[in-house]
Amino acid sequence: MSTAFAHEARTTSMNRDDLDLNEYEPRMNRPVRIKIADFQREERPKHVIVSDQFDEETLEEMAGTADMIRMLAKTRQGHSFLLNLLPHKRAMLYFTQPSTRTFLSFMAACQILGITCNEVRDPSTSSEEKGESRFDSIRTFSSYFDVIIMRSVLSRFAECCAYLMNDLEDFNHRSIPIVNAGSGADEHPTQALLDIYTLQRTFKFESTIDSRRTMSYESLRRNPQYAGLTRGLSGKVYGFCGDIGRGRTVRSLANLLSLYRDVTMVFVSPDHPKLSLKPDLEQKLLNRNVRLHQVDSFEEQIDGQPVIEMLDALYMTRIQREHDDPNDAGAYQGIDFRKYCLTTEMVARMKDYAAILHPFPRDKNFGEIPPEIDNDHRAMYFRQARNGMWIRAAVLASLFGVDRQISRYFQSEYTERHDYNEDVL
Ligand code: CP
């Protein structure tokens, strides 16, 4: 067993036979720019495994599809059209790590497109209890279903399953798409898609439903402080706060944001090797010309301005105590974790148009975002969770090749005489 998997196998009580991942190791160890070819077909996703599969153009297309689906789903005729797109497809939701949002939003996304869903959430109810390997489980799912959407505590297990499917295809066996819905501390690519989609909608400065701010783009720009404000994700300052080192959502989102021009990222975390920015991600961001700062408090100043006041968007995260090493109980002594919690006073100092995001769940005991912030017009995290349903429907539409059909239908059939309520999209 590889070193990379040995620790996870110990901490997840999987036995050695279950984790015969060695054969995939040479493929996993390739540079990401090489291996993403294994997840694509004709420049479109065949599997969804890593955020590196997406470029700026694809992100725009995906957001466009999600926008069309959300508008169509609100009309009787559009809803009926969507429901009839994929009624012949079945999805397996294989979630052996806890999830609320990802699981339910994928299920809802399937329902929007007429896809039938089934689920396995507790492997103790499956024949893995009788010694069946996880790879045999995956291959068995592929016999009955047309896509596997999977979350696992194991980093890169989804990636290995994609290789398994590719190998099956090479031998003319049945092979289906794999969607990574969160893999260990590694990647959560569809979370990054919904985070980007939320930022795209927010920084269009168009829709009132994506921000309850009272000022229009034009009136914001009349404020001398915001005179340089532009639409879009480029030229913005993004803050990430909390458990940066172990947050798979941070890894995936920072990776996608680095595709945009003139981006500054500020990572606010304890100065601790497990919690702060990992060197590999830091190097990748620097290679993409991100202006990068690492600080241990929102009050630290950059170019004479406190961090909290300079952010266009803030991505809060919870401290992921489930990844603590029990042999390392004293590791965080001396860290003042209160510095990584927002307060209403801090939010009041943020830019008026700033967006506060959080992948959720938030930790009610830690309190990184207290509920009293929820009604602030900058709080986007519940809207963000809802966006997940629409963008995941777009992901499934793309995987099954019906995204262009949606676009054609939308262009030809959608009229101003729609019957949806724009305020609740
Ligand atoms: N953000 C996220 O992945 O939430 P869940 O763990 O509830 O799916």
# chains A, B, ... in the order shown; residues from 1 in each chain; ligands from 1
>>> residues_near_ligand(ligand="ligand 1", cutoff="9 Å", atoms="only C-alpha atoms and all ligand atoms", output="PDB file with N, CA, C and O atoms, in the first residue's frame")
ATOM      1  N   GLN A  97     -19.427   9.004   3.081  1.00  0.00           N
ATOM      2  CA  GLN A  97     -19.013  10.019   4.051  1.00  0.00           C
ATOM      3  C   GLN A  97     -20.214  10.960   4.205  1.00  0.00           C
ATOM      4  O   GLN A  97     -20.917  11.219   3.225  1.00  0.00           O
ATOM      5  N   PRO A  98     -20.447  11.470   5.428  1.00  0.00           N
ATOM      6  CA  PRO A  98     -21.658  12.277   5.628  1.00  0.00           C
ATOM      7  C   PRO A  98     -21.779  13.447   4.654  1.00  0.00           C
ATOM      8  O   PRO A  98     -20.778  14.048   4.257  1.00  0.00           O
ATOM      9  N   SER A  99     -22.991  13.749   4.274  1.00  0.00           N
ATOM     10  CA  SER A  99     -23.263  14.879   3.377  1.00  0.00           C
ATOM     11  C   SER A  99     -24.726  15.247   3.489  1.00  0.00           C
ATOM     12  O   SER A  99     -25.593  14.382   3.583  1.00  0.00           O
ATOM     13  N   THR A 100     -25.009  16.518   3.475  1.00  0.00           N
ATOM     14  CA  THR A 100     -26.390  16.996   3.351  1.00  0.00           C
ATOM     15  C   THR A 100     -26.570  17.667   1.992  1.00  0.00           C
ATOM     16  O   THR A 100     -27.338  17.216   1.146  1.00  0.00           O
ATOM     17  N   ARG A 101     -25.819  18.747   1.771  1.00  0.00           N
ATOM     18  CA  ARG A 101     -26.009  19.571   0.574  1.00  0.00           C
ATOM     19  C   ARG A 101     -25.652  18.849  -0.728  1.00  0.00           C
ATOM     20  O   ARG A 101     -26.413  18.889  -1.692  1.00  0.00           O
ATOM     21  N   THR A 102     -24.479  18.242  -0.757  1.00  0.00           N
ATOM     22  CA  THR A 102     -24.034  17.646  -2.015  1.00  0.00           C
ATOM     23  C   THR A 102     -24.966  16.496  -2.403  1.00  0.00           C
ATOM     24  O   THR A 102     -25.385  16.375  -3.561  1.00  0.00           O
ATOM     25  N   PHE A 103     -25.291  15.679  -1.405  1.00  0.00           N
ATOM     26  CA  PHE A 103     -26.175  14.543  -1.664  1.00  0.00           C
ATOM     27  C   PHE A 103     -27.549  15.018  -2.158  1.00  0.00           C
ATOM     28  O   PHE A 103     -28.031  14.608  -3.221  1.00  0.00           O
ATOM     29  N   LEU A 104     -28.145  15.928  -1.382  1.00  0.00           N
ATOM     30  CA  LEU A 104     -29.520  16.337  -1.728  1.00  0.00           C
ATOM     31  C   LEU A 104     -29.562  17.175  -3.002  1.00  0.00           C
ATOM     32  O   LEU A 104     -30.514  17.077  -3.786  1.00  0.00           O
ATOM     33  N   SER A 105     -28.543  18.004  -3.229  1.00  0.00           N
ATOM     34  CA  SER A 105     -28.586  18.835  -4.437  1.00  0.00           C
ATOM     35  C   SER A 105     -28.352  17.981  -5.682  1.00  0.00           C
ATOM     36  O   SER A 105     -28.944  18.244  -6.732  1.00  0.00           O
ATOM     37  N   ARG A 151     -19.028  10.152  -2.949  1.00  0.00           N
ATOM     38  CA  ARG A 151     -18.235  10.854  -1.934  1.00  0.00           C
ATOM     39  C   ARG A 151     -17.559   9.798  -1.068  1.00  0.00           C
ATOM     40  O   ARG A 151     -18.179   8.831  -0.647  1.00  0.00           O
ATOM     41  N   ALA A 181     -17.834  13.672  -5.745  1.00  0.00           N
ATOM     42  CA  ALA A 181     -18.649  14.570  -4.913  1.00  0.00           C
ATOM     43  C   ALA A 181     -17.953  14.857  -3.592  1.00  0.00           C
ATOM     44  O   ALA A 181     -18.599  15.134  -2.579  1.00  0.00           O
ATOM     45  N   GLY A 182     -16.614  14.800  -3.621  1.00  0.00           N
ATOM     46  CA  GLY A 182     -15.811  15.053  -2.420  1.00  0.00           C
ATOM     47  C   GLY A 182     -14.964  13.848  -2.098  1.00  0.00           C
ATOM     48  O   GLY A 182     -15.500  12.770  -1.826  1.00  0.00           O
ATOM     49  N   HIS A 188     -13.011  18.699  -4.270  1.00  0.00           N
ATOM     50  CA  HIS A 188     -14.483  18.709  -4.269  1.00  0.00           C
ATOM     51  C   HIS A 188     -14.875  19.554  -5.484  1.00  0.00           C
ATOM     52  O   HIS A 188     -15.338  20.688  -5.347  1.00  0.00           O
ATOM     53  N   THR A 190     -17.237  19.736  -7.786  1.00  0.00           N
ATOM     54  CA  THR A 190     -18.553  20.330  -8.056  1.00  0.00           C
ATOM     55  C   THR A 190     -18.891  21.409  -7.027  1.00  0.00           C
ATOM     56  O   THR A 190     -19.675  22.316  -7.314  1.00  0.00           O
ATOM     57  N   GLN A 191     -18.282  21.338  -5.835  1.00  0.00           N
ATOM     58  CA  GLN A 191     -18.435  22.455  -4.888  1.00  0.00           C
ATOM     59  C   GLN A 191     -17.771  23.700  -5.478  1.00  0.00           C
ATOM     60  O   GLN A 191     -18.319  24.803  -5.415  1.00  0.00           O
ATOM     61  N   THR A 249     -12.512  22.017  -0.313  1.00  0.00           N
ATOM     62  CA  THR A 249     -13.254  23.012  -1.095  1.00  0.00           C
ATOM     63  C   THR A 249     -12.368  24.213  -1.397  1.00  0.00           C
ATOM     64  O   THR A 249     -12.461  24.814  -2.462  1.00  0.00           O
ATOM     65  N   HIS A 358     -19.563  30.254   2.212  1.00  0.00           N
ATOM     66  CA  HIS A 358     -19.105  29.167   3.102  1.00  0.00           C
ATOM     67  C   HIS A 358     -19.624  27.895   2.442  1.00  0.00           C
ATOM     68  O   HIS A 358     -20.806  27.833   2.073  1.00  0.00           O
ATOM     69  N   PRO A 359     -18.809  26.870   2.313  1.00  0.00           N
ATOM     70  CA  PRO A 359     -19.326  25.652   1.660  1.00  0.00           C
ATOM     71  C   PRO A 359     -20.360  24.954   2.524  1.00  0.00           C
ATOM     72  O   PRO A 359     -21.168  24.187   2.013  1.00  0.00           O
ATOM     73  N   PHE A 360     -20.360  25.233   3.827  1.00  0.00           N
ATOM     74  CA  PHE A 360     -21.227  24.588   4.804  1.00  0.00           C
ATOM     75  C   PHE A 360     -20.947  23.082   4.833  1.00  0.00           C
ATOM     76  O   PHE A 360     -20.479  22.532   3.855  1.00  0.00           O
ATOM     77  N   PRO A 361     -21.199  22.358   5.875  1.00  0.00           N
ATOM     78  CA  PRO A 361     -21.847  22.848   7.083  1.00  0.00           C
ATOM     79  C   PRO A 361     -20.938  23.793   7.873  1.00  0.00           C
ATOM     80  O   PRO A 361     -19.726  23.629   7.849  1.00  0.00           O
ATOM     81  N   ALA A 385     -25.759  27.397  -1.587  1.00  0.00           N
ATOM     82  CA  ALA A 385     -26.181  25.992  -1.518  1.00  0.00           C
ATOM     83  C   ALA A 385     -27.252  25.713  -2.576  1.00  0.00           C
ATOM     84  O   ALA A 385     -27.244  24.666  -3.232  1.00  0.00           O
TER      85      ALA A 385
END
>>> residues_around(residues="Met310 of chain A", least_positions_apart="6", cutoff="12 Å", atoms="only C-alpha atoms", output="ChimeraX atom specification")
/A:225-226,236-239,264-266,298-304,346-347,349-354
>>> closest_residue(among="A:Ser219, A:Ser143, A:Gln320, A:Asn166", to="Arg248 of chain A", atoms="only C-alpha atoms")
A:Gln320
>>> atom_distance(atom1="atom CA of Met28 of chain A", atom2="atom CA of Ala162 of chain A")
10.9 Å
>>> select_by_dssp(residues="segment 20-166 of chain A", states="alpha helix (DSSP H)", output="number ranges by chain")
A: 25-28, 32-35, 56-72, 76-83, 101-112, 134-144, 157-166
